[in-house]
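Have a look at data.txt below; it lists compact mmCIF, C-alpha atoms and all ligand atoms.
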```
# COMPACT_ATOMS: atom_id res chain seq x y z
CA GLN X 17 -3.63 14.44 22.97
CA ARG X 18 -0.48 14.20 20.86
CA ARG X 19 -0.17 14.67 17.12
CA PHE X 20 2.40 15.03 14.39
CA VAL X 21 2.23 18.04 12.12
CA LEU X 22 4.20 18.58 8.94
CA ALA X 23 7.19 20.75 9.87
CA ASP X 24 9.13 20.81 6.63
CA ARG X 25 8.19 19.79 3.11
CA PRO X 26 10.78 17.38 1.69
CA THR X 27 11.45 18.48 -1.89
CA MET X 28 13.50 16.28 -4.24
CA ARG X 29 14.75 14.22 -1.30
CA ALA X 30 13.74 11.35 0.94
CA PRO X 31 11.54 12.29 3.91
CA ARG X 32 13.17 12.41 7.34
CA ALA X 33 11.69 11.99 10.80
CA THR X 34 12.47 15.66 11.48
CA ASP X 35 10.09 16.72 8.69
CA PHE X 36 7.35 16.13 11.30
CA ARG X 37 6.91 17.84 14.67
CA LEU X 38 5.25 16.36 17.74
CA GLU X 39 2.68 18.68 19.32
CA GLU X 40 0.60 18.33 22.46
CA ALA X 41 -2.89 19.72 22.79
CA PRO X 42 -5.81 19.42 25.21
CA MET X 43 -8.07 16.42 24.64
CA PRO X 44 -10.52 17.32 21.84
CA GLU X 45 -14.21 17.66 22.72
CA PRO X 46 -16.56 15.96 20.25
CA LYS X 47 -19.28 18.25 18.86
CA ALA X 48 -22.78 17.03 18.05
CA GLY X 49 -22.49 14.32 15.39
CA GLU X 50 -18.87 13.55 16.30
CA VAL X 51 -17.16 10.82 18.24
CA LEU X 52 -13.92 10.89 20.20
CA VAL X 53 -11.61 8.13 18.99
CA ARG X 54 -8.50 6.78 20.68
CA THR X 55 -6.04 5.62 18.03
CA VAL X 56 -4.83 2.05 18.42
CA PHE X 57 -3.16 1.43 15.04
CA LEU X 58 -1.95 3.97 12.49
CA SER X 59 -1.49 2.91 8.89
CA LEU X 60 1.62 4.13 7.08
CA ASP X 61 1.33 4.02 3.30
CA PRO X 62 3.42 5.16 0.34
CA TYR X 63 0.73 7.58 -0.93
CA MET X 64 1.53 9.80 2.07
CA ARG X 65 4.76 10.82 0.36
CA GLY X 66 2.66 12.49 -2.34
CA ARG X 67 0.51 14.29 0.24
CA ILE X 68 3.53 16.13 1.67
CA SER X 69 4.72 17.27 -1.75
CA GLN X 70 3.34 20.30 -3.57
CA VAL X 71 2.69 18.37 -6.73
CA LYS X 72 -0.92 18.24 -7.86
CA SER X 73 -2.46 14.81 -7.46
CA TYR X 74 -5.82 13.13 -6.90
CA ALA X 75 -6.05 14.48 -3.33
CA ARG X 76 -5.33 17.69 -1.47
CA GLY X 77 -1.91 17.88 0.18
CA VAL X 78 -0.90 18.65 3.77
CA GLU X 79 0.40 22.15 4.47
CA PRO X 80 3.24 22.78 6.94
CA GLY X 81 1.73 23.15 10.44
CA GLU X 82 -1.22 20.88 9.62
CA THR X 83 -1.74 17.45 11.19
CA MET X 84 -0.40 14.70 8.97
CA VAL X 85 -3.15 12.69 7.28
CA GLY X 86 -3.61 8.95 7.39
CA GLU X 87 -5.99 6.14 8.16
CA ALA X 88 -6.18 4.67 11.63
CA ALA X 89 -8.13 2.08 13.57
CA GLY X 90 -9.17 2.75 17.12
CA GLU X 91 -11.74 2.71 19.86
CA VAL X 92 -14.62 5.09 20.46
CA ILE X 93 -14.20 6.60 23.93
CA GLN X 94 -17.00 9.16 23.79
CA SER X 95 -19.87 9.54 21.36
CA ARG X 96 -22.18 12.38 20.42
CA ALA X 97 -23.34 10.60 17.29
CA GLU X 98 -26.16 8.16 16.80
CA GLY X 99 -25.07 4.57 16.20
CA PHE X 100 -21.69 4.84 17.94
CA GLN X 101 -21.00 3.83 21.51
CA PRO X 102 -17.93 3.88 23.73
CA GLY X 103 -16.02 0.65 23.12
CA ASP X 104 -16.94 0.43 19.43
CA LEU X 105 -14.01 -0.26 17.11
CA VAL X 106 -13.75 2.03 14.09
CA ARG X 107 -11.48 3.00 11.23
CA GLY X 108 -11.21 6.23 9.32
CA HIS X 109 -9.01 9.10 8.21
CA ILE X 110 -8.02 10.19 11.67
CA GLY X 111 -4.48 11.38 10.91
CA TRP X 112 -1.29 11.02 12.91
CA GLN X 113 -2.82 11.71 16.32
CA THR X 114 -3.43 9.74 19.48
CA HIS X 115 -7.02 11.01 19.86
CA ALA X 116 -9.37 12.84 17.53
CA ALA X 117 -12.93 14.12 17.45
CA VAL X 118 -14.22 12.86 14.13
CA PRO X 119 -17.57 13.34 12.35
CA ALA X 120 -19.36 10.00 12.50
CA ALA X 121 -19.92 10.03 8.72
CA GLN X 122 -16.15 9.75 8.22
CA LEU X 123 -15.86 6.58 10.29
CA ARG X 124 -16.54 2.96 9.52
CA ARG X 125 -17.44 0.62 12.33
CA ILE X 126 -15.41 -2.59 12.56
CA ALA X 127 -17.60 -5.52 13.57
CA PRO X 128 -15.89 -8.07 15.83
CA ASP X 129 -14.67 -10.76 13.41
CA GLY X 130 -11.84 -12.51 15.22
CA PHE X 131 -9.14 -10.85 13.11
CA PRO X 132 -6.53 -8.53 14.63
CA LEU X 133 -7.69 -4.90 14.52
CA SER X 134 -4.66 -3.90 12.43
CA TYR X 135 -5.80 -6.20 9.59
CA HIS X 136 -8.52 -3.65 8.85
CA LEU X 137 -5.81 -1.22 7.75
CA GLY X 138 -4.18 -3.83 5.51
CA VAL X 139 -5.39 -7.12 4.13
CA LEU X 140 -9.02 -6.30 5.05
CA GLY X 141 -8.66 -2.61 4.23
CA MET X 142 -7.32 -0.29 1.55
CA PRO X 143 -4.23 -2.28 0.49
CA GLY X 144 -6.31 -5.48 0.36
CA ARG X 145 -8.91 -3.86 -1.90
CA THR X 146 -6.11 -2.48 -4.05
CA ALA X 147 -4.56 -5.89 -4.64
CA TYR X 148 -7.96 -7.49 -5.25
CA PHE X 149 -9.52 -5.02 -7.68
CA ALA X 150 -6.38 -3.97 -9.52
CA LEU X 151 -5.37 -7.56 -10.19
CA LEU X 152 -8.76 -9.09 -10.90
CA ASP X 153 -10.54 -6.20 -12.61
CA VAL X 154 -7.67 -4.55 -14.48
CA GLY X 155 -5.19 -7.41 -14.79
CA GLN X 156 -7.72 -10.18 -15.43
CA PRO X 157 -5.24 -13.05 -14.96
CA LYS X 158 -6.16 -16.38 -16.50
CA ALA X 159 -5.12 -19.82 -15.30
CA GLY X 160 -1.64 -20.67 -16.53
CA GLU X 161 -0.64 -17.06 -17.20
CA THR X 162 2.38 -15.42 -15.58
CA VAL X 163 1.71 -12.53 -13.18
CA LEU X 164 4.79 -10.49 -12.26
CA VAL X 165 4.56 -8.15 -9.25
CA SER X 166 7.05 -5.63 -7.84
CA ALA X 167 7.35 -4.65 -4.14
CA ALA X 168 6.16 -8.24 -3.84
CA SER X 169 6.52 -8.75 -0.08
CA GLY X 170 4.74 -5.49 0.78
CA ALA X 171 1.18 -4.78 1.85
CA VAL X 172 -0.26 -4.92 -1.66
CA GLY X 173 2.31 -7.13 -3.41
CA GLN X 174 2.10 -10.14 -1.08
CA LEU X 175 -1.67 -10.27 -1.64
CA VAL X 176 -1.40 -9.84 -5.42
CA GLY X 177 0.87 -12.87 -5.69
CA GLN X 178 -1.40 -15.02 -3.56
CA ILE X 179 -4.61 -13.98 -5.32
CA ALA X 180 -2.94 -14.67 -8.68
CA SER X 181 -2.00 -18.15 -7.46
CA LEU X 182 -5.56 -18.75 -6.21
CA LYS X 183 -6.77 -17.98 -9.74
CA GLY X 184 -4.38 -20.56 -11.18
CA ALA X 185 -1.83 -18.09 -12.51
CA ARG X 186 1.93 -18.37 -11.96
CA ALA X 187 3.00 -15.55 -9.64
CA VAL X 188 6.54 -14.16 -9.74
CA GLY X 189 7.75 -11.56 -7.26
CA ILE X 190 10.42 -8.86 -7.30
CA ALA X 191 11.59 -7.73 -3.87
CA GLY X 192 14.51 -6.08 -2.09
CA GLY X 193 16.77 -8.59 -0.32
CA PRO X 194 16.93 -12.36 0.28
CA ALA X 195 14.56 -12.45 3.27
CA LYS X 196 11.75 -10.80 1.32
CA VAL X 197 12.40 -13.11 -1.66
CA ALA X 198 12.26 -16.16 0.65
CA TYR X 199 8.97 -14.91 2.10
CA CYS X 200 7.44 -14.61 -1.40
CA ARG X 201 8.34 -18.23 -2.12
CA GLU X 202 7.00 -19.32 1.26
CA ILE X 203 3.55 -17.84 0.60
CA GLY X 204 3.18 -19.44 -2.80
CA PHE X 205 4.88 -17.30 -5.43
CA ALA X 206 6.25 -19.77 -8.00
CA ASP X 207 9.47 -17.76 -8.14
CA ALA X 208 10.95 -14.46 -6.95
CA PHE X 209 14.19 -12.51 -7.26
CA ASP X 210 16.10 -9.76 -5.48
CA TYR X 211 16.45 -6.65 -7.65
CA LYS X 212 19.01 -4.92 -5.42
CA GLY X 213 22.36 -4.38 -7.12
CA LEU X 214 21.16 -5.47 -10.59
CA ASP X 215 21.86 -3.15 -13.52
CA ASP X 216 19.31 -2.61 -16.31
CA ASP X 217 20.45 -5.61 -18.39
CA ALA X 218 20.63 -7.90 -15.37
CA LEU X 219 17.08 -6.87 -14.42
CA VAL X 220 15.79 -7.79 -17.88
CA ALA X 221 17.63 -11.12 -17.64
CA ALA X 222 16.26 -11.82 -14.14
CA VAL X 223 12.68 -11.27 -15.34
CA ALA X 224 13.36 -13.53 -18.36
CA ARG X 225 14.81 -16.24 -16.10
CA THR X 226 11.95 -16.21 -13.58
CA CYS X 227 9.24 -15.75 -16.25
CA PRO X 228 10.39 -18.22 -18.94
CA ALA X 229 6.99 -18.04 -20.68
CA GLY X 230 7.03 -14.21 -20.63
CA VAL X 231 4.90 -11.78 -18.59
CA ASP X 232 1.12 -11.74 -19.16
CA VAL X 233 0.25 -9.38 -16.31
CA TYR X 234 2.69 -6.93 -14.76
CA PHE X 235 1.46 -5.46 -11.47
CA ASP X 236 3.63 -2.37 -11.12
CA ASN X 237 4.12 -0.96 -7.64
CA VAL X 238 7.44 0.76 -8.29
CA GLY X 239 7.92 2.15 -11.82
CA GLY X 240 11.43 3.08 -12.98
CA VAL X 241 13.95 0.56 -14.25
CA ILE X 242 11.98 -2.42 -12.89
CA HIS X 243 9.06 -1.29 -15.05
CA ASP X 244 11.38 -1.23 -18.08
CA ALA X 245 12.58 -4.77 -17.35
CA ALA X 246 9.01 -6.05 -17.10
CA MET X 247 8.04 -4.32 -20.36
CA ALA X 248 10.99 -5.95 -22.13
CA ASN X 249 9.46 -9.35 -21.28
CA LEU X 250 5.81 -8.57 -21.97
CA ASN X 251 3.74 -11.15 -23.87
CA LEU X 252 1.27 -10.66 -26.68
CA GLY X 253 -1.94 -9.27 -25.14
CA GLY X 254 -0.15 -8.34 -21.92
CA ARG X 255 -1.80 -6.18 -19.26
CA VAL X 256 0.22 -3.68 -17.24
CA ILE X 257 -1.35 -2.24 -14.09
CA ILE X 258 0.15 1.01 -12.85
CA CYS X 259 -0.68 0.78 -9.16
CA GLY X 260 2.26 2.74 -7.80
CA THR X 261 5.60 4.27 -8.82
CA ILE X 262 7.32 4.38 -5.44
CA SER X 263 10.82 4.49 -6.96
CA GLY X 264 9.99 8.05 -8.07
CA TYR X 265 8.04 9.33 -5.05
CA ASN X 266 10.97 11.38 -3.75
CA ARG X 267 11.23 13.15 -7.12
CA LEU X 268 7.59 13.99 -7.83
CA GLU X 269 8.54 17.59 -8.67
CA GLN X 270 10.42 16.31 -11.69
CA GLN X 271 8.61 15.86 -14.99
CA ASP X 272 7.22 12.31 -15.32
CA THR X 273 9.62 11.17 -18.03
CA GLY X 274 9.45 7.38 -17.66
CA ARG X 275 10.04 5.50 -20.91
CA ARG X 276 6.83 5.13 -22.86
CA HIS X 277 7.37 1.71 -24.44
CA LEU X 278 4.96 2.67 -27.20
CA ARG X 279 6.40 0.21 -29.68
CA THR X 280 6.19 -2.63 -27.14
CA LEU X 281 2.52 -1.79 -26.57
CA LEU X 282 1.91 -1.76 -30.32
CA VAL X 283 3.80 -4.93 -31.20
CA LYS X 284 2.38 -6.83 -28.21
CA ARG X 285 -1.11 -5.33 -28.56
CA ALA X 286 -0.78 -4.78 -24.83
CA ARG X 287 -2.73 -2.59 -22.44
CA ILE X 288 -1.37 -0.30 -19.73
CA GLN X 289 -3.75 1.20 -17.20
CA GLY X 290 -3.57 3.34 -14.10
CA PHE X 291 -5.52 2.26 -11.01
CA LEU X 292 -6.96 4.09 -8.00
CA VAL X 293 -8.55 2.08 -5.21
CA SER X 294 -11.14 4.75 -4.34
CA ASP X 295 -12.74 4.22 -7.77
CA TYR X 296 -13.94 0.85 -6.49
CA ALA X 297 -15.88 2.05 -3.43
CA ALA X 298 -19.17 0.83 -4.88
CA ARG X 299 -17.84 -2.70 -5.34
CA GLU X 300 -16.54 -3.35 -1.81
CA ALA X 301 -19.06 -6.16 -1.27
CA GLU X 302 -17.19 -8.34 -3.79
CA PHE X 303 -14.01 -7.96 -1.78
CA GLU X 304 -15.84 -8.54 1.51
CA ALA X 305 -17.24 -11.80 0.15
CA ASP X 306 -13.79 -13.18 -0.69
CA MET X 307 -10.96 -11.81 1.44
CA PRO X 308 -12.13 -12.68 5.00
CA LYS X 309 -13.00 -16.17 3.75
CA TRP X 310 -9.56 -16.62 2.13
CA LEU X 311 -7.86 -15.45 5.32
CA LYS X 312 -9.91 -17.78 7.48
CA ASP X 313 -9.36 -20.87 5.36
CA GLY X 314 -5.63 -20.16 5.05
CA SER X 315 -5.55 -19.57 1.29
CA ILE X 316 -4.17 -16.09 1.97
CA ARG X 317 -1.35 -15.45 4.41
CA TYR X 318 -0.48 -12.00 5.61
CA ARG X 319 2.58 -10.40 7.11
CA GLU X 320 2.60 -7.11 9.00
CA ASP X 321 5.45 -4.98 10.24
CA ILE X 322 4.25 -3.47 13.50
CA VAL X 323 6.24 -0.60 14.98
CA ASP X 324 5.53 0.05 18.65
CA GLY X 325 5.04 3.60 19.89
CA PHE X 326 3.25 6.62 18.47
CA GLU X 327 6.43 8.70 18.69
CA LYS X 328 8.14 6.37 16.18
CA THR X 329 5.62 7.22 13.41
CA PRO X 330 7.79 9.68 11.39
CA GLU X 331 10.83 7.43 11.53
CA ALA X 332 8.79 4.41 10.42
CA PHE X 333 7.32 6.43 7.55
CA ALA X 334 10.80 7.46 6.37
CA GLY X 335 11.76 3.77 6.44
CA LEU X 336 8.86 2.85 4.15
CA LEU X 337 10.42 4.82 1.30
CA GLU X 338 13.70 2.94 1.86
CA GLY X 339 12.18 -0.54 1.96
CA LYS X 340 12.88 -0.95 5.69
CA ASN X 341 9.39 -2.36 6.26
CA PHE X 342 8.83 -6.08 5.73
CA GLY X 343 5.10 -6.53 5.17
CA LYS X 344 2.32 -4.02 5.81
CA LEU X 345 3.64 -1.18 7.96
CA VAL X 346 1.49 -0.13 10.92
CA VAL X 347 2.24 1.74 14.13
CA ARG X 348 0.79 0.58 17.43
CA ALA X 349 -0.09 3.95 18.92
CA GLY X 350 -1.97 2.71 21.98
CA ALA X 351 -3.00 -0.45 23.80
CA ASP X 352 -5.15 -2.80 21.72
P1 LIG X 401 4.79 -1.69 0.68
O1 LIG X 401 4.35 -2.39 1.90
O2 LIG X 401 5.08 -2.51 -0.53
O3 LIG X 401 6.06 -0.81 1.04
C1 LIG X 401 6.75 -0.11 0.07
C2 LIG X 401 7.86 -0.99 -0.55
O4 LIG X 401 8.27 -0.42 -1.77
C3 LIG X 401 9.13 -1.04 0.27
O5 LIG X 401 9.05 -1.96 1.32
C4 LIG X 401 10.15 -1.43 -0.77
O6 LIG X 401 10.19 -2.85 -0.90
C5 LIG X 401 9.57 -0.84 -2.06
N1 LIG X 401 10.39 0.28 -2.50
C6 LIG X 401 10.67 1.41 -1.83
N2 LIG X 401 11.47 2.19 -2.57
C7 LIG X 401 11.70 1.54 -3.73
C8 LIG X 401 12.46 1.83 -4.89
N3 LIG X 401 13.14 2.97 -5.01
N4 LIG X 401 12.48 0.92 -5.89
C9 LIG X 401 11.81 -0.23 -5.78
N5 LIG X 401 11.08 -0.57 -4.70
C10 LIG X 401 11.02 0.31 -3.69
O7 LIG X 401 3.70 -0.60 0.28
P2 LIG X 401 2.23 -0.84 -0.26
O8 LIG X 401 2.03 -2.27 -0.58
O9 LIG X 401 1.30 -0.16 0.63
O10 LIG X 401 2.23 -0.04 -1.64
C11 LIG X 401 2.85 -0.58 -2.80
C12 LIG X 401 2.60 0.36 -3.97
O11 LIG X 401 1.20 0.41 -4.26
C13 LIG X 401 3.04 1.80 -3.74
O12 LIG X 401 3.60 2.31 -4.93
C14 LIG X 401 1.75 2.51 -3.43
O13 LIG X 401 1.79 3.88 -3.72
C15 LIG X 401 0.79 1.75 -4.32
N6 LIG X 401 -0.62 1.83 -3.92
C16 LIG X 401 -1.50 2.32 -4.84
C17 LIG X 401 -2.84 2.37 -4.57
C18 LIG X 401 -3.75 2.86 -5.64
O14 LIG X 401 -4.96 2.97 -5.42
N7 LIG X 401 -3.23 3.17 -6.81
C19 LIG X 401 -3.37 1.96 -3.26
C20 LIG X 401 -2.37 1.39 -2.38
C21 LIG X 401 -1.03 1.36 -2.71
P3 LIG X 401 11.52 -3.60 -1.37
O15 LIG X 401 12.38 -3.75 -0.16
O16 LIG X 401 11.02 -4.88 -1.93
O17 LIG X 401 12.17 -2.72 -2.39
```
Kindly present the structure from the file in structure tokens form.
Amino acid sequence: QRRFVLADRPTMRAPRATDFRLEEAPMPEPKAGEVLVRTVFLSLDPYMRGRISQVKSYARGVEPGETMVGEAAGEVIQSRAEGFQPGDLVRGHIGWQTHAAVPAAQLRRIAPDGFPLSYHLGVLGMPGRTAYFALLDVGQPKAGETVLVSAASGAVGQLVGQIASLKGARAVGIAGGPAKVAYCREIGFADAFDYKGLDDDALVAAVARTCPAGVDVYFDNVGGVIHDAAMANLNLGGRVIICGTISGYNRLEQQDTGRRHLRTLLVKRARIQGFLVSDYAAREAEFEADMPKWLKDGSIRYREDIVDGFEKTPEAFAGLLEGKNFGKLVVRAGAD
């Protein structure tokens, strides 16, 4: 069994591969009620940056020396729990390890559905539910409205744009670099632009140019100056969803001093709301009724960025905070 533990806590800096240490241990023995899982795909997600900081959040952090947390999909190779058999496919919070003995209650079985296993960590998993519930429940886009989304080619963003289009809204994406912008257009965003190299005024102008009727829903994945540019173009009755603030994740120790835009909210009678996917656990059936169907009939397309090799996990994670991933980032840790 191999695993990555947190070696060093990155404080006020970007994470590096060397912040994690590879350790080898004997194969874990499942206790009664546990199953032994072999990891096939590991999900790498921006929230993990918060877990390795000391800043208080909605979840407990990882201490140096502890196994890094994260969701994974894999295969049951030994079971001491009712309802699980060797060969079953499962997902759960297994952490950055090649094998783990996990209490059955913490695992979800993945029924064979013809989709790649990795999809259950993305479009059919947590990022998919995030895009779906944050946009539809908080954003409530109407036909003809403009939905602006940042980190638009990423795991969540690419789905937000496509769901908005399905609902008859006009989706506009903001992404880093021409290839990501081209991808947004390809999957049905009405327009998209590259934010790299634009100063504050140019950002405001780029939003105005791509959203000529103004912004009705801003799906914020990044915060910072892109947030300011979206707010400057907000329409009357606008809805702003704070899904993520990745542009500040390497500075979480600093006071959260983003501009408040109070006057914009007042004048536009707009609403700004934070979102957390785990609040929607009781409503998963709604998502399950739509997303697999949309994927099957081609109304939703999905791009993954698969990194091969368990040992590349820390490096791939560091890349996520620099926009090196193109689509949902997953690591193939073992044969699928
Ligand atoms: P992505 O697949 O979008 O990957 C992250 C992307 O963020 C990068 O590829 C990069 O894209 C962009 N990025 C990185 N640094 C910056 C920066 N400094 N400024 C602007 N953009 C940056 O990740 P996810 O789709 O998984 O997550 C997107 C957001 O949603 C994150 O903020 C995440 O924390 C949040 N989230 C929130 C959830 C919730 O329940 N609230 C649940 C799931 C995700 P580019 O090259 O385009 O800049």
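Excluding segment 169-174 of chain X itself and any same-chain residue fewer than 2 positions from it, the protein and nucleic acid residues within 6 Å of it, counting all atoms listed in the file, are Pro143, Ala147, Ala167, Val176, Gly177, Lys196, Gly343 and Lys344 of chain X.
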Contact residues around Arg287 of chain X with all atoms listed in the file at 7 Å, ignoring same-chain residues under 2 positions, as a ChimeraX atom specification: /X:254-256,281,285,289
Item to complete: Would you list the contacts of His136 of chain X as a VMD selection string, taking every protein, DNA or RNA residue within 8 Å and counting only C-alpha atoms, but skipping same-chain residues closer than 3 positions in sequence?
Response: chain X and resid 89 107 126 132 to 133 139 to 141
Give me a file of those residues, with C-alpha atoms, as a compact mmCIF listing (two decimals), in the coordinates of the input.
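out_12.txt, freshly written:
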```txt
# COMPACT_ATOMS: atom_id res chain seq x y z
CA ALA X 89 -8.13 2.08 13.57
CA ARG X 107 -11.48 3.00 11.23
CA ILE X 126 -15.41 -2.59 12.56
CA PRO X 132 -6.53 -8.53 14.63
CA LEU X 133 -7.69 -4.90 14.52
CA VAL X 139 -5.39 -7.12 4.13
CA LEU X 140 -9.02 -6.30 5.05
CA GLY X 141 -8.66 -2.61 4.23
```
**OP:** Excluding Ile179 of chain X and residues on its chain fewer than 6 positions from it, collect all residues at most 10 Å away from it, counting only C-alpha atoms, and give them as a PyMOL selection string.
**Re:** chain X and resi 147-148+151-152+157+173+185+187+204+307+310+315-316
What separates atom CA of Val92 of chain X and atom CA of Asp104 of chain X is a distance of 5.3 Å
Would you compute an axis-aligned box for ligand LIG 401 (chain X), covering every atom listed for it in the file with 5 Å of margin on each side, and report centre and edge lengths in Å to one decimal as AutoDock Vina command-line options?
```
--center_x 4.1 --center_y -0.5 --center_z -2.5 --size_x 28.1 --size_y 18.8 --size_z 18.7
```
Give one line per residue of chain X that approaches ligand LIG 401 (chain X) to at most 6 Å, naming the two atoms of the closest pair and their distance in Å to one decimal, counting only C-alpha atoms and all ligand atoms; sort by chain then ascending residue number and deliver it as CSV.
```
residue,atom,partner,partner_atom,distance
X:Asp61,CA,X:LIG401,O9,5.0
X:Pro62,CA,X:LIG401,O13,4.6
X:Tyr63,CA,X:LIG401,O13,4.8
X:Pro143,CA,X:LIG401,C20,5.0
X:Thr146,CA,X:LIG401,C19,5.3
X:Ala167,CA,X:LIG401,O16,4.3
X:Gly170,CA,X:LIG401,O2,3.3
X:Ala171,CA,X:LIG401,O8,3.6
X:Val172,CA,X:LIG401,O8,3.7
X:Gly173,CA,X:LIG401,O8,5.6
X:Ala191,CA,X:LIG401,O16,3.5
X:Gly192,CA,X:LIG401,O16,3.7
X:Asn237,CA,X:LIG401,C12,4.2
X:Val238,CA,X:LIG401,C9,5.1
X:Cys259,CA,X:LIG401,N7,4.2
X:Gly260,CA,X:LIG401,O12,3.2
X:Thr261,CA,X:LIG401,O12,4.8
X:Ile262,CA,X:LIG401,O12,4.3
X:Ser263,CA,X:LIG401,N3,3.4
X:Phe291,CA,X:LIG401,N7,4.9
X:Leu292,CA,X:LIG401,O14,3.5
X:Val293,CA,X:LIG401,O14,3.7
X:Leu336,CA,X:LIG401,C1,5.5
X:Leu337,CA,X:LIG401,C6,4.6
X:Glu338,CA,X:LIG401,C6,5.0
X:Gly339,CA,X:LIG401,O5,3.5
X:Lys340,CA,X:LIG401,O5,5.9
X:Asn341,CA,X:LIG401,O5,5.0
X:Gly343,CA,X:LIG401,O1,5.3
X:Lys344,CA,X:LIG401,O1,4.7
```
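Atom CA of Arg19 of chain X lies 18.1 Å from atom CA of Pro119 of chain X.
Nearest to Gly86 of chain X of all the residues X:Pro228, X:Gly264, X:Gly108, X:Gly99 is X:Gly108, counting all atoms listed in the file.
Taking all atoms listed in the file, the non-local environment of Ala301 of chain X within 12 Å (same-chain residues fewer than 4 positions away omitted) comprises Leu140, Arg145, Tyr148, Phe149, Tyr296, Ala297, Ala305, Asp306, Met307 and Pro308 of chain X.
Closest approach to Gly274 of chain X from the set X:Glu304, X:Ala229, X:Gly240, X:Ala127 is made by X:Gly240, with distances taken over only C-alpha atoms.
Using all atoms listed in the file for every distance, the candidate list X:Arg125, X:Lys47, X:Lys183, X:Arg37 yields X:Arg37 as the residue closest to Glu327 of chain X.
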Judged by only C-alpha atoms, the minimum distance to Asp232 of chain X among X:Lys284, X:Arg124, X:Arg96, X:Arg32 is found for X:Lys284
